[in-house]
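Participant: Below is final.txt; it holds compact mmCIF, C-alpha atoms.
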```
# COMPACT_ATOMS: atom_id res chain seq x y z
CA MET A 1 55.37 3.02 142.39
CA LEU A 2 56.63 5.99 144.37
CA ALA A 3 57.66 5.44 147.98
CA SER A 4 59.75 7.15 150.62
CA GLY A 5 59.95 4.79 153.58
CA SER A 6 59.80 1.17 154.63
CA GLY A 7 57.45 0.22 151.82
CA THR A 8 54.94 -2.16 153.38
CA ASN A 9 52.31 -1.20 150.82
CA PHE A 10 54.92 -1.71 148.09
CA GLN A 11 55.58 -5.21 149.44
CA VAL A 12 51.90 -6.11 149.44
CA LEU A 13 51.51 -5.02 145.81
CA ALA A 14 54.74 -6.71 144.75
CA ASP A 15 53.67 -9.99 146.36
CA ALA A 16 50.21 -9.80 144.80
CA ALA A 17 51.66 -9.05 141.37
CA ARG A 18 54.26 -11.80 141.56
CA SER A 19 51.80 -14.45 142.70
CA GLY A 20 49.46 -13.60 139.85
CA ARG A 21 46.65 -12.54 142.21
CA LEU A 22 46.89 -9.04 140.76
CA PRO A 23 47.01 -8.76 136.95
CA VAL A 24 49.74 -6.11 136.87
CA LYS A 25 53.48 -5.80 136.61
CA ILE A 26 55.33 -3.36 138.83
CA ALA A 27 57.61 -1.75 136.27
CA VAL A 28 59.73 0.44 138.52
CA LEU A 29 60.07 1.86 142.01
CA VAL A 30 61.11 5.48 142.40
CA TYR A 31 62.28 6.43 145.89
CA ASN A 32 63.74 9.62 147.27
CA ASN A 33 65.56 8.70 150.47
CA PRO A 34 68.90 6.90 150.01
CA GLY A 35 68.34 4.74 153.10
CA ALA A 36 64.71 3.84 152.42
CA TYR A 37 64.09 0.16 153.14
CA VAL A 38 61.63 0.00 150.25
CA ALA A 39 64.66 -0.11 147.92
CA GLU A 40 65.78 -3.37 149.54
CA ARG A 41 62.31 -4.79 149.03
CA ALA A 42 62.41 -3.85 145.35
CA ARG A 43 65.77 -5.51 144.85
CA ALA A 44 64.59 -8.66 146.60
CA ALA A 45 61.54 -8.71 144.31
CA GLY A 46 63.59 -8.12 141.17
CA ILE A 47 61.96 -4.76 140.50
CA PRO A 48 64.12 -1.86 139.21
CA ALA A 49 64.61 0.75 141.94
CA VAL A 50 65.57 4.28 140.93
CA LEU A 51 66.77 6.74 143.56
CA LEU A 52 65.80 10.33 142.83
CA ASP A 53 67.00 12.25 145.88
CA HIS A 54 64.88 15.39 146.14
CA ARG A 55 67.75 17.19 147.87
CA LYS A 56 69.70 17.09 144.61
CA PHE A 57 67.06 18.83 142.50
CA VAL A 58 66.75 22.60 142.28
CA SER A 59 62.94 22.57 142.47
CA ARG A 60 59.93 20.32 142.90
CA GLU A 61 59.19 20.78 139.22
CA VAL A 62 62.61 19.62 138.09
CA LEU A 63 62.37 16.57 140.35
CA ASP A 64 58.90 15.80 139.02
CA GLU A 65 60.14 16.10 135.44
CA GLU A 66 62.78 13.50 136.20
CA ILE A 67 60.24 11.25 137.93
CA ALA A 68 57.87 11.48 134.98
CA SER A 69 60.62 10.67 132.50
CA THR A 70 61.74 7.70 134.59
CA LEU A 71 58.21 6.33 134.82
CA GLU A 72 57.62 6.79 131.10
CA ALA A 73 60.92 5.13 130.26
CA HIS A 74 59.67 2.06 132.13
CA GLY A 75 56.33 2.06 130.33
CA VAL A 76 54.31 2.94 133.42
CA GLU A 77 50.56 3.20 132.86
CA LEU A 78 49.43 3.71 136.45
CA VAL A 79 51.40 5.50 139.19
CA VAL A 80 50.89 4.38 142.79
CA MET A 81 52.11 6.63 145.59
CA ALA A 82 52.49 4.46 148.66
CA GLY A 83 53.99 6.54 151.40
CA TRP A 84 55.49 9.11 149.01
CA MET A 85 56.25 12.00 151.33
CA ARG A 86 56.81 14.73 148.73
CA ARG A 87 54.22 17.12 147.35
CA VAL A 88 53.79 16.57 143.65
CA THR A 89 53.41 19.32 141.08
CA GLU A 90 51.44 19.79 137.90
CA VAL A 91 54.53 18.63 136.01
CA LEU A 92 54.03 15.06 137.20
CA ILE A 93 50.25 15.11 137.56
CA GLY A 94 49.85 16.49 134.06
CA ARG A 95 51.83 13.62 132.57
CA PHE A 96 49.73 11.00 134.37
CA ALA A 97 46.39 12.75 134.56
CA ASP A 98 43.84 10.60 136.42
CA ARG A 99 46.39 7.75 136.45
CA MET A 100 48.02 8.48 139.82
CA LEU A 101 46.79 6.86 143.01
CA ASN A 102 47.57 7.80 146.58
CA ILE A 103 46.64 6.10 149.83
CA HIS A 104 45.90 8.25 152.87
CA PRO A 105 45.19 7.01 156.41
CA SER A 106 41.90 8.82 157.01
CA LEU A 107 38.37 8.86 155.70
CA LEU A 108 38.85 11.85 153.42
CA PRO A 109 37.82 14.66 153.33
CA ALA A 110 38.47 14.44 157.08
CA PHE A 111 42.03 14.79 158.36
CA ARG A 112 44.08 15.73 155.33
CA GLY A 113 47.80 16.22 155.61
CA ALA A 114 50.46 14.75 157.83
CA LYS A 115 49.81 12.66 160.94
CA ALA A 116 46.23 11.91 159.92
CA ILE A 117 45.82 9.12 162.48
CA GLU A 118 47.04 11.36 165.29
CA GLN A 119 44.64 14.06 164.05
CA ALA A 120 41.75 11.60 164.20
CA ILE A 121 42.58 10.46 167.73
CA ASP A 122 43.05 14.04 168.91
CA TYR A 123 39.68 15.00 167.45
CA GLY A 124 38.03 12.09 169.20
CA VAL A 125 36.31 10.39 166.25
CA LYS A 126 34.86 6.96 166.89
CA VAL A 127 35.30 5.79 163.28
CA ALA A 128 38.58 6.23 161.38
CA GLY A 129 39.80 4.63 158.17
CA CYS A 130 41.75 5.05 154.96
CA THR A 131 41.22 6.26 151.41
CA VAL A 132 42.63 5.46 147.97
CA HIS A 133 42.16 8.46 145.71
CA ILE A 134 43.29 9.98 142.45
CA VAL A 135 46.09 12.50 142.93
CA ARG A 136 45.22 16.09 142.17
CA LEU A 137 47.19 19.24 142.87
CA GLU A 138 45.37 19.89 146.13
CA VAL A 139 46.92 17.63 148.78
CA ASP A 140 44.80 14.62 149.80
CA ALA A 141 41.95 15.68 147.56
CA GLY A 142 40.98 14.14 144.25
CA PRO A 143 38.35 11.56 143.30
CA ILE A 144 37.96 8.74 145.82
CA ILE A 145 38.31 5.19 144.51
CA LEU A 146 37.88 3.16 147.70
CA GLN A 147 37.56 3.78 151.41
CA ALA A 148 37.57 1.51 154.44
CA ALA A 149 36.27 2.33 157.92
CA GLU A 150 37.77 1.16 161.20
CA PRO A 151 36.23 1.70 164.65
CA VAL A 152 38.38 3.61 167.13
CA ARG A 153 38.67 1.91 170.51
CA GLU A 154 38.79 3.80 173.77
CA GLU A 155 42.23 2.42 174.55
CA ASP A 156 43.69 3.15 171.10
CA THR A 157 46.99 4.93 170.67
CA PRO A 158 48.10 6.23 167.26
CA GLU A 159 50.18 3.05 166.98
CA THR A 160 47.42 0.53 167.72
CA LEU A 161 44.93 2.32 165.47
CA ALA A 162 47.53 2.65 162.70
CA ALA A 163 48.15 -1.10 162.79
CA ARG A 164 44.50 -1.82 162.05
CA ILE A 165 44.24 0.92 159.42
CA HIS A 166 47.33 -0.46 157.68
CA ALA A 167 45.58 -3.82 157.43
CA HIS A 168 42.80 -2.10 155.49
CA GLU A 169 45.36 -0.37 153.28
CA TYR A 170 46.90 -3.71 152.36
CA ARG A 171 43.47 -4.75 151.11
CA ILE A 172 42.05 -1.64 149.39
CA LEU A 173 45.20 -0.44 147.62
CA PRO A 174 45.59 -3.69 145.63
CA GLU A 175 41.85 -3.69 145.07
CA ALA A 176 42.01 -0.16 143.63
CA VAL A 177 44.89 -1.18 141.36
CA ARG A 178 42.82 -4.14 140.20
CA LEU A 179 39.89 -1.86 139.34
CA PHE A 180 42.22 0.18 137.12
CA ALA A 181 43.73 -2.91 135.54
CA GLU A 182 40.24 -4.13 134.72
CA GLY A 183 39.25 -0.78 133.24
CA ARG A 184 36.50 -0.26 135.78
CA VAL A 185 37.32 3.27 136.97
CA ARG A 186 35.58 6.23 135.37
CA ILE A 187 36.69 9.70 136.47
CA GLU A 188 33.86 12.21 136.13
CA GLY A 189 34.91 15.63 137.36
CA ASN A 190 35.82 15.25 141.01
CA ARG A 191 34.19 11.87 141.44
CA ALA A 192 35.25 8.34 140.58
CA ARG A 193 32.63 5.89 139.44
CA ILE A 194 33.32 2.15 139.59
CA VAL A 195 31.57 0.24 136.82
CA SER A 196 30.71 -3.42 137.08
CA ALA A 197 33.13 -5.92 135.53
CA ASP A 198 30.81 -6.77 132.67
CA ARG A 199 30.48 -3.10 131.71
CA ALA A 200 34.20 -2.35 131.88
CA ALA A 201 34.68 -2.73 128.13
CA LEU A 202 31.90 -0.30 127.21
CA MET B 1 13.76 16.17 173.21
CA LEU B 2 13.88 18.94 170.62
CA ALA B 3 12.56 18.20 167.14
CA SER B 4 11.33 20.12 164.13
CA GLY B 5 9.99 17.56 161.69
CA SER B 6 8.45 14.15 161.36
CA GLY B 7 10.23 12.82 164.41
CA THR B 8 11.32 9.32 163.47
CA ASN B 9 14.22 9.46 165.93
CA PHE B 10 11.79 10.73 168.57
CA GLN B 11 9.57 7.71 167.90
CA VAL B 12 12.46 5.28 168.26
CA LEU B 13 13.46 6.77 171.61
CA ALA B 14 9.86 6.95 172.82
CA ASP B 15 9.27 3.30 171.93
CA ALA B 16 12.51 2.21 173.60
CA ALA B 17 11.72 4.19 176.75
CA ARG B 18 8.14 2.94 176.97
CA SER B 19 9.12 -0.71 176.51
CA GLY B 20 11.73 -0.44 179.23
CA ARG B 21 14.58 -1.26 176.85
CA LEU B 22 16.01 2.20 177.55
CA PRO B 23 16.21 3.23 181.23
CA VAL B 24 14.96 6.79 180.66
CA LYS B 25 11.77 8.78 180.67
CA ILE B 26 11.09 11.30 177.93
CA ALA B 27 9.90 14.21 180.02
CA VAL B 28 8.87 16.63 177.28
CA LEU B 29 9.06 17.34 173.56
CA VAL B 30 9.74 20.90 172.43
CA TYR B 31 8.97 21.53 168.76
CA ASN B 32 9.03 24.72 166.72
CA ASN B 33 6.86 24.10 163.66
CA PRO B 34 3.10 24.11 164.30
CA GLY B 35 2.51 21.38 161.73
CA ALA B 36 5.36 19.09 162.76
CA TYR B 37 4.22 15.48 162.80
CA VAL B 38 6.47 14.81 165.79
CA ALA B 39 3.82 16.52 167.94
CA GLU B 40 1.29 13.85 166.93
CA ARG B 41 3.78 11.17 167.87
CA ALA B 42 4.27 12.75 171.31
CA ARG B 43 0.53 12.92 171.95
CA ALA B 44 0.11 9.30 170.91
CA ALA B 45 2.89 8.34 173.32
CA GLY B 46 1.48 10.40 176.15
CA ILE B 47 4.48 12.72 176.24
CA PRO B 48 3.91 16.46 176.84
CA ALA B 49 4.52 18.42 173.62
CA VAL B 50 5.29 22.13 173.86
CA LEU B 51 5.20 24.31 170.76
CA LEU B 52 7.72 27.14 170.82
CA ASP B 53 7.37 28.75 167.42
CA HIS B 54 10.65 30.48 166.65
CA ARG B 55 8.79 33.01 164.47
CA LYS B 56 7.17 34.43 167.57
CA PHE B 57 10.39 35.20 169.42
CA VAL B 58 12.38 38.37 168.94
CA SER B 59 15.75 36.61 168.95
CA ARG B 60 17.41 33.22 169.11
CA GLU B 61 18.45 34.01 172.65
CA VAL B 62 14.91 34.76 173.83
CA LEU B 63 13.67 31.55 172.21
CA ASP B 64 16.47 29.57 173.84
CA GLU B 65 15.66 31.09 177.22
CA GLU B 66 12.11 29.85 176.84
CA ILE B 67 13.28 26.41 175.72
CA ALA B 68 15.65 26.14 178.67
CA SER B 69 12.94 27.15 181.14
CA THR B 70 10.51 24.65 179.62
CA LEU B 71 13.04 21.84 179.84
CA GLU B 72 13.95 22.69 183.41
CA ALA B 73 10.29 22.89 184.40
CA HIS B 74 9.94 19.30 183.22
CA GLY B 75 13.00 18.14 185.15
CA VAL B 76 15.07 17.40 182.06
CA GLU B 77 18.56 16.07 182.75
CA LEU B 78 19.64 15.29 179.17
CA VAL B 79 18.56 17.19 176.05
CA VAL B 80 18.36 15.28 172.76
CA MET B 81 18.17 17.24 169.52
CA ALA B 82 16.73 14.90 166.93
CA GLY B 83 16.18 16.86 163.77
CA TRP B 84 16.09 20.24 165.53
CA MET B 85 16.62 22.65 162.66
CA ARG B 86 17.44 25.80 164.64
CA ARG B 87 20.88 26.99 165.65
CA VAL B 88 21.19 27.06 169.42
CA THR B 89 22.87 29.78 171.41
CA GLU B 90 24.97 29.93 174.54
CA VAL B 91 21.78 30.68 176.46
CA LEU B 92 20.58 27.11 176.01
CA ILE B 93 23.96 25.37 175.83
CA GLY B 94 25.09 27.10 179.02
CA ARG B 95 22.09 25.78 180.94
CA PHE B 96 22.71 22.19 179.78
CA ALA B 97 26.48 22.18 179.42
CA ASP B 98 27.71 18.80 178.15
CA ARG B 99 24.17 17.45 178.55
CA MET B 100 22.89 18.17 175.03
CA LEU B 101 23.12 15.57 172.27
CA ASN B 102 22.68 16.04 168.55
CA ILE B 103 22.60 13.51 165.74
CA HIS B 104 24.09 14.46 162.38
CA PRO B 105 23.99 12.36 159.19
CA SER B 106 27.71 12.35 158.40
CA LEU B 107 30.95 11.06 159.84
CA LEU B 108 31.96 14.33 161.46
CA PRO B 109 34.14 16.34 161.06
CA ALA B 110 33.30 15.70 157.39
CA PHE B 111 30.21 17.36 155.91
CA ARG B 112 28.96 19.67 158.59
CA GLY B 113 25.83 21.72 158.05
CA ALA B 114 22.69 21.18 156.03
CA LYS B 115 22.20 18.46 153.43
CA ALA B 116 25.10 16.40 154.75
CA ILE B 117 24.11 13.29 152.80
CA GLU B 118 23.89 15.23 149.54
CA GLN B 119 27.28 16.75 150.35
CA ALA B 120 28.76 13.29 150.82
CA ILE B 121 27.36 11.98 147.55
CA ASP B 122 28.48 15.09 145.67
CA TYR B 123 31.98 14.71 147.08
CA GLY B 124 32.08 11.09 146.02
CA VAL B 125 32.99 9.42 149.30
CA LYS B 126 32.72 5.64 149.43
CA VAL B 127 31.96 5.53 153.16
CA ALA B 128 29.31 7.75 154.78
CA GLY B 129 27.66 7.54 158.19
CA CYS B 130 26.25 9.40 161.16
CA THR B 131 27.44 10.92 164.42
CA VAL B 132 25.98 11.51 167.88
CA HIS B 133 27.84 14.36 169.53
CA ILE B 134 27.68 16.84 172.38
CA VAL B 135 26.28 20.20 171.27
CA ARG B 136 28.70 23.09 171.37
CA LEU B 137 28.29 26.60 169.99
CA GLU B 138 30.06 25.71 166.75
CA VAL B 139 27.55 23.90 164.52
CA ASP B 140 28.06 20.13 164.21
CA ALA B 141 31.16 20.21 166.34
CA GLY B 142 31.51 19.07 169.93
CA PRO B 143 32.73 15.84 171.48
CA ILE B 144 31.72 12.71 169.58
CA ILE B 145 29.88 10.04 171.54
CA LEU B 146 29.20 7.45 168.83
CA GLN B 147 29.60 7.11 165.07
CA ALA B 148 28.43 4.55 162.55
CA ALA B 149 29.81 3.98 159.05
CA GLU B 150 27.79 3.00 156.00
CA PRO B 151 29.25 2.09 152.58
CA VAL B 152 28.06 4.25 149.68
CA ARG B 153 26.90 2.23 146.69
CA GLU B 154 27.46 3.30 143.11
CA GLU B 155 23.74 3.47 142.47
CA ASP B 156 22.92 5.44 145.63
CA THR B 157 20.79 8.56 145.54
CA PRO B 158 20.53 10.84 148.58
CA GLU B 159 17.28 9.07 149.37
CA THR B 160 18.58 5.50 149.27
CA LEU B 161 21.70 6.37 151.25
CA ALA B 162 19.66 8.36 153.77
CA ALA B 163 17.43 5.35 154.39
CA ARG B 164 20.40 3.22 155.41
CA ILE B 165 21.98 6.01 157.47
CA HIS B 166 18.69 6.54 159.31
CA ALA B 167 18.75 2.88 160.29
CA HIS B 168 22.10 3.52 161.98
CA GLU B 169 20.68 6.61 163.69
CA TYR B 170 17.86 4.56 165.17
CA ARG B 171 20.52 2.36 166.75
CA ILE B 172 23.24 4.79 167.90
CA LEU B 173 21.05 7.59 169.26
CA PRO B 174 19.34 5.31 171.82
CA GLU B 175 22.71 3.73 172.55
CA ALA B 176 24.20 7.18 173.25
CA VAL B 177 21.28 8.03 175.54
CA ARG B 178 21.86 4.75 177.35
CA LEU B 179 25.54 5.59 177.88
CA PHE B 180 24.48 8.85 179.54
CA ALA B 181 21.82 7.14 181.62
CA GLU B 182 24.43 4.68 182.83
CA GLY B 183 26.87 7.44 183.68
CA ARG B 184 29.45 6.17 181.22
CA VAL B 185 30.25 9.38 179.33
CA ARG B 186 33.21 11.49 180.40
CA ILE B 187 33.72 14.81 178.61
CA GLU B 188 37.39 15.79 178.58
CA GLY B 189 37.90 19.01 176.65
CA ASN B 190 36.77 18.37 173.11
CA ARG B 191 36.67 14.61 173.43
CA ALA B 192 34.21 12.17 174.90
CA ARG B 193 35.49 9.08 176.63
CA ILE B 194 33.20 6.11 177.18
CA VAL B 195 34.02 4.20 180.34
CA SER B 196 33.13 0.57 180.85
CA ALA B 197 29.93 -0.22 182.75
CA ASP B 198 31.76 -1.44 185.83
CA ARG B 199 33.74 1.81 186.06
CA ALA B 200 30.77 4.11 185.56
CA ALA B 201 30.32 4.70 189.29
CA LEU B 202 33.93 5.77 189.86
```
The structure given in the file should be rewritten as structure tokens.
Facilitator:
Amino acid sequence: MLASGSGTNFQVLADAARSGRLPVKIAVLVYNNPGAYVAERARAAGIPAVLLDHRKFVSREVLDEEIASTLEAHGVELVVMAGWMRRVTEVLIGRFADRMLNIHPSLLPAFRGAKAIEQAIDYGVKVAGCTVHIVRLEVDAGPIILQAAEPVREEDTPETLAARIHAHEYRILPEAVRLFAEGRVRIEGNRARIVSADRAAL
Amino acid sequence: MLASGSGTNFQVLADAARSGRLPVKIAVLVYNNPGAYVAERARAAGIPAVLLDHRKFVSREVLDEEIASTLEAHGVELVVMAGWMRRVTEVLIGRFADRMLNIHPSLLPAFRGAKAIEQAIDYGVKVAGCTVHIVRLEVDAGPIILQAAEPVREEDTPETLAARIHAHEYRILPEAVRLFAEGRVRIEGNRARIVSADRAAL
């Protein structure tokens, strides 16, 4: 997993993996901010946490090379970006083609980029949501694995809406990881097709 | 109401108005295609139907002038575009500022323009929907009154998804008209705020 901040999505996945509800092992956490609380969560969960401070690398590509090597050294098969606040380059994407997930707090393709929930409230949509998608070079694009919708209430602030969207994230990100673990995701061009469990082996 | 085609949304509103479930009267239908089935529906419902064939007008503006005059002659207070396949100009929008509704089969701002449901399926979204919004000069923009979300299924074709989205349209378009009739819509810049029923008179 790649994370930059407090790591609530990391915690949800770590708990699900440890309890056996999710048939995966979190091999390693890579984080980029020395003070990120997600590192504490990893230590508490007994998961290796590797700090790769982007400020110490001469370019995005050199950082991504180091990230890719770290992930490979830990035997990573699927990369999950959960609040990873750095743009990734072809160096990393190329090494994990169609095996990198990101979660974004909007119903893509609406409201790409930073502050997606604020964007949605400013626009005045009545339905917001979140998206788990395959990472491609274009930011917040890439084949969509799962989405969840959440009604916007008249009295919502970015904070109150974010709280409800996060609750969806805690559900659909593990679910997306499960689909990969079960071999049920087929990437066809720019679209992701989910096959039924009994067809996953075909 | 303005319509160009078969007029299923027109029928839903006409039925709701006639039964008293919706506290409005449909004063007039303007349609632009001589063979549009919506005209038959209007006649069956006893609603005046006025054909304004866009092919007979020298410009969009001249057509819109005629539409506006027709609507005003019938005492129209709220204009509902339900499958009106012509771009409207400032001539019409200016005469019914913030009193024109359109329904669009996507969760705007995603998938503006024609064939929105096909666009959504081609993109590979997992949640689609529809939007009732105030008409502004920019196509499929304008303050959003109501939206409804509909999950996309793996086996969906544009036709199967459209059938479920239409069912939402038949619910949220009358609901949006009701909100106007009850004085509960406040347009503030590019956003629409819905006030509670007991505050509508304030």
Participant: Could you give me, as a list in words, the residues within 7 Å of range 162-173 of chain B, counting only C-alpha atoms and dropping anything in the same chain fewer than 2 positions from it?
Facilitator: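 Those residues are Asn9, Val12, Pro105, Ile117, Gly129, Cys130, Val132, Leu146, Ala148, Glu150, Pro158, Glu159, Thr160, Glu175, Ala176 and Val177 of chain B.
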Participant: Please, could you write that set of residues out with C-alpha atoms as a PDB file, in the frame of the given file?
Facilitator:
```pdb
ATOM      1  CA  ASN B   9      14.220   9.460 165.930  1.00  0.00           C
ATOM      2  CA  VAL B  12      12.460   5.280 168.260  1.00  0.00           C
ATOM      3  CA  PRO B 105      23.990  12.360 159.190  1.00  0.00           C
ATOM      4  CA  ILE B 117      24.110  13.290 152.800  1.00  0.00           C
ATOM      5  CA  GLY B 129      27.660   7.540 158.190  1.00  0.00           C
ATOM      6  CA  CYS B 130      26.250   9.400 161.160  1.00  0.00           C
ATOM      7  CA  VAL B 132      25.980  11.510 167.880  1.00  0.00           C
ATOM      8  CA  LEU B 146      29.200   7.450 168.830  1.00  0.00           C
ATOM      9  CA  ALA B 148      28.430   4.550 162.550  1.00  0.00           C
ATOM     10  CA  GLU B 150      27.790   3.000 156.000  1.00  0.00           C
ATOM     11  CA  PRO B 158      20.530  10.840 148.580  1.00  0.00           C
ATOM     12  CA  GLU B 159      17.280   9.070 149.370  1.00  0.00           C
ATOM     13  CA  THR B 160      18.580   5.500 149.270  1.00  0.00           C
ATOM     14  CA  GLU B 175      22.710   3.730 172.550  1.00  0.00           C
ATOM     15  CA  ALA B 176      24.200   7.180 173.250  1.00  0.00           C
ATOM     16  CA  VAL B 177      21.280   8.030 175.540  1.00  0.00           C
TER      17      VAL B 177
END
```
Participant: So that I can see what lies close to range 2-4 of chain B, please list as a list of chain:residue names the residues with an atom at most 8 Å from it, counting only C-alpha atoms and leaving out residues fewer than 3 positions away in the same chain.
Facilitator: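 Selected residues are B:Gly7, B:Phe10, B:Leu29, B:Val30, B:Tyr31, B:Asn32, B:Asn33, B:Ala36, B:Val38, B:Val79, B:Val80, B:Met81, B:Ala82, B:Gly83, B:Trp84, B:Met85.
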Participant: Sorted by chain and rising residue number, which residues of chain B lie within 10 Å of chain A, and what are their closest atom pairs and distances in Å to one decimal, counting only C-alpha atoms, as JSON lines?
Facilitator:
```
{"residue": "B:Leu107", "atom": "CA", "partner": "A:Val127", "partner_atom": "CA", "distance": 7.7}
{"residue": "B:Leu108", "atom": "CA", "partner": "A:Val125", "partner_atom": "CA", "distance": 7.6}
{"residue": "B:Pro109", "atom": "CA", "partner": "A:Ala110", "partner_atom": "CA", "distance": 6.2}
{"residue": "B:Ala110", "atom": "CA", "partner": "A:Ala110", "partner_atom": "CA", "distance": 5.3}
{"residue": "B:Phe111", "atom": "CA", "partner": "A:Pro109", "partner_atom": "CA", "distance": 8.5}
{"residue": "B:Ala120", "atom": "CA", "partner": "A:Pro109", "partner_atom": "CA", "distance": 9.5}
{"residue": "B:Ile121", "atom": "CA", "partner": "A:Arg191", "partner_atom": "CA", "distance": 9.2}
{"residue": "B:Asp122", "atom": "CA", "partner": "A:Arg191", "partner_atom": "CA", "distance": 7.8}
{"residue": "B:Tyr123", "atom": "CA", "partner": "A:Arg191", "partner_atom": "CA", "distance": 6.7}
{"residue": "B:Gly124", "atom": "CA", "partner": "A:Arg191", "partner_atom": "CA", "distance": 5.1}
{"residue": "B:Val125", "atom": "CA", "partner": "A:Ile144", "partner_atom": "CA", "distance": 6.1}
{"residue": "B:Lys126", "atom": "CA", "partner": "A:Gln147", "partner_atom": "CA", "distance": 5.6}
{"residue": "B:Val127", "atom": "CA", "partner": "A:Gln147", "partner_atom": "CA", "distance": 6.1}
{"residue": "B:Ala128", "atom": "CA", "partner": "A:Leu107", "partner_atom": "CA", "distance": 9.2}
{"residue": "B:Gly129", "atom": "CA", "partner": "A:Val127", "partner_atom": "CA", "distance": 9.3}
{"residue": "B:Cys130", "atom": "CA", "partner": "A:Val127", "partner_atom": "CA", "distance": 10.0}
{"residue": "B:Thr131", "atom": "CA", "partner": "A:Lys126", "partner_atom": "CA", "distance": 8.8}
{"residue": "B:His133", "atom": "CA", "partner": "A:Val125", "partner_atom": "CA", "distance": 9.9}
{"residue": "B:Gly142", "atom": "CA", "partner": "A:Tyr123", "partner_atom": "CA", "distance": 9.5}
{"residue": "B:Pro143", "atom": "CA", "partner": "A:Gly124", "partner_atom": "CA", "distance": 6.9}
{"residue": "B:Ile144", "atom": "CA", "partner": "A:Val125", "partner_atom": "CA", "distance": 6.1}
{"residue": "B:Ile145", "atom": "CA", "partner": "A:Lys126", "partner_atom": "CA", "distance": 7.5}
{"residue": "B:Leu146", "atom": "CA", "partner": "A:Lys126", "partner_atom": "CA", "distance": 6.0}
{"residue": "B:Gln147", "atom": "CA", "partner": "A:Lys126", "partner_atom": "CA", "distance": 5.6}
{"residue": "B:Ala148", "atom": "CA", "partner": "A:Val127", "partner_atom": "CA", "distance": 7.0}
{"residue": "B:Ala149", "atom": "CA", "partner": "A:Ala149", "partner_atom": "CA", "distance": 6.8}
{"residue": "B:Glu150", "atom": "CA", "partner": "A:Ala149", "partner_atom": "CA", "distance": 8.7}
{"residue": "B:Pro151", "atom": "CA", "partner": "A:Ala148", "partner_atom": "CA", "distance": 8.5}
{"residue": "B:Val152", "atom": "CA", "partner": "A:Gln147", "partner_atom": "CA", "distance": 9.7}
{"residue": "B:Arg153", "atom": "CA", "partner": "A:Ile194", "partner_atom": "CA", "distance": 9.6}
{"residue": "B:Glu154", "atom": "CA", "partner": "A:Arg193", "partner_atom": "CA", "distance": 6.8}
{"residue": "B:Glu155", "atom": "CA", "partner": "A:Arg193", "partner_atom": "CA", "distance": 9.7}
{"residue": "B:Asn190", "atom": "CA", "partner": "A:Tyr123", "partner_atom": "CA", "distance": 7.2}
{"residue": "B:Arg191", "atom": "CA", "partner": "A:Gly124", "partner_atom": "CA", "distance": 5.1}
{"residue": "B:Ala192", "atom": "CA", "partner": "A:Gly124", "partner_atom": "CA", "distance": 6.9}
{"residue": "B:Arg193", "atom": "CA", "partner": "A:Glu154", "partner_atom": "CA", "distance": 6.9}
{"residue": "B:Ile194", "atom": "CA", "partner": "A:Glu154", "partner_atom": "CA", "distance": 6.9}
{"residue": "B:Val195", "atom": "CA", "partner": "A:Glu154", "partner_atom": "CA", "distance": 8.1}
{"residue": "B:Ser196", "atom": "CA", "partner": "A:Glu154", "partner_atom": "CA", "distance": 9.6}
```
Participant: When distances are computed from all atoms listed in the file, which of B:Leu63, B:Ala14, B:Ala73, B:Leu101 shows the smallest separation from Ala44 in chain B?
Facilitator: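 Of all the options, B:Ala14 lies closest to Ala44 in chain B.
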Participant: Report, in Å with one decimal, the straight-line distance from CA of Arg112 in chain B to CA of Arg136 in chain B.
Facilitator: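 Separating CA of Arg112 in chain B from CA of Arg136 in chain B is a distance of 13.2 Å.
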Participant: What does the distance from CA of Leu51 in chain A to CA of His74 in chain A come to in Å, to one decimal?
Facilitator: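 Separation between CA of Leu51 in chain A and CA of His74 in chain A: 14.2 Å.
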Participant: For CA of Gly183 in chain A and CA of Arg199 in chain A, quote the distance in Å rounded to one decimal.
Facilitator: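 CA of Arg199 in chain A lies at a distance of 9.2 Å from CA of Gly183 in chain A.
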Participant: Can you find the residues with an atom no farther than 10 Å from (18.1, 35.4, 169.8), counting all atoms listed in the file, and report them as a CSV table (one decimal) with C-alpha atoms, keeping the file's coordinate frame?
Facilitator:
```csv
chain,number,residue,atom,x,y,z
B,54,HIS,CA,10.6,30.5,166.6
B,57,PHE,CA,10.4,35.2,169.4
B,58,VAL,CA,12.4,38.4,168.9
B,59,SER,CA,15.8,36.6,169.0
B,60,ARG,CA,17.4,33.2,169.1
B,61,GLU,CA,18.4,34.0,172.6
B,62,VAL,CA,14.9,34.8,173.8
B,63,LEU,CA,13.7,31.6,172.2
B,64,ASP,CA,16.5,29.6,173.8
B,65,GLU,CA,15.7,31.1,177.2
B,87,ARG,CA,20.9,27.0,165.6
B,88,VAL,CA,21.2,27.1,169.4
B,89,THR,CA,22.9,29.8,171.4
B,90,GLU,CA,25.0,29.9,174.5
B,91,VAL,CA,21.8,30.7,176.5
```
Participant: Which of these, A:Arg186, A:Arg41, A:Arg95, A:Arg55, has the shortest distance to Ile67 in chain A once you count all atoms listed in the file?
Facilitator: A:Arg95
Participant: Smallest atom-to-atom distance to Asp156 in chain B: which of B:Glu118, B:Ile47, B:Ile134, B:Arg18, using only C-alpha atoms?
Facilitator: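 Using only C-alpha atoms, Asp156 in chain B sits closest to B:Glu118.
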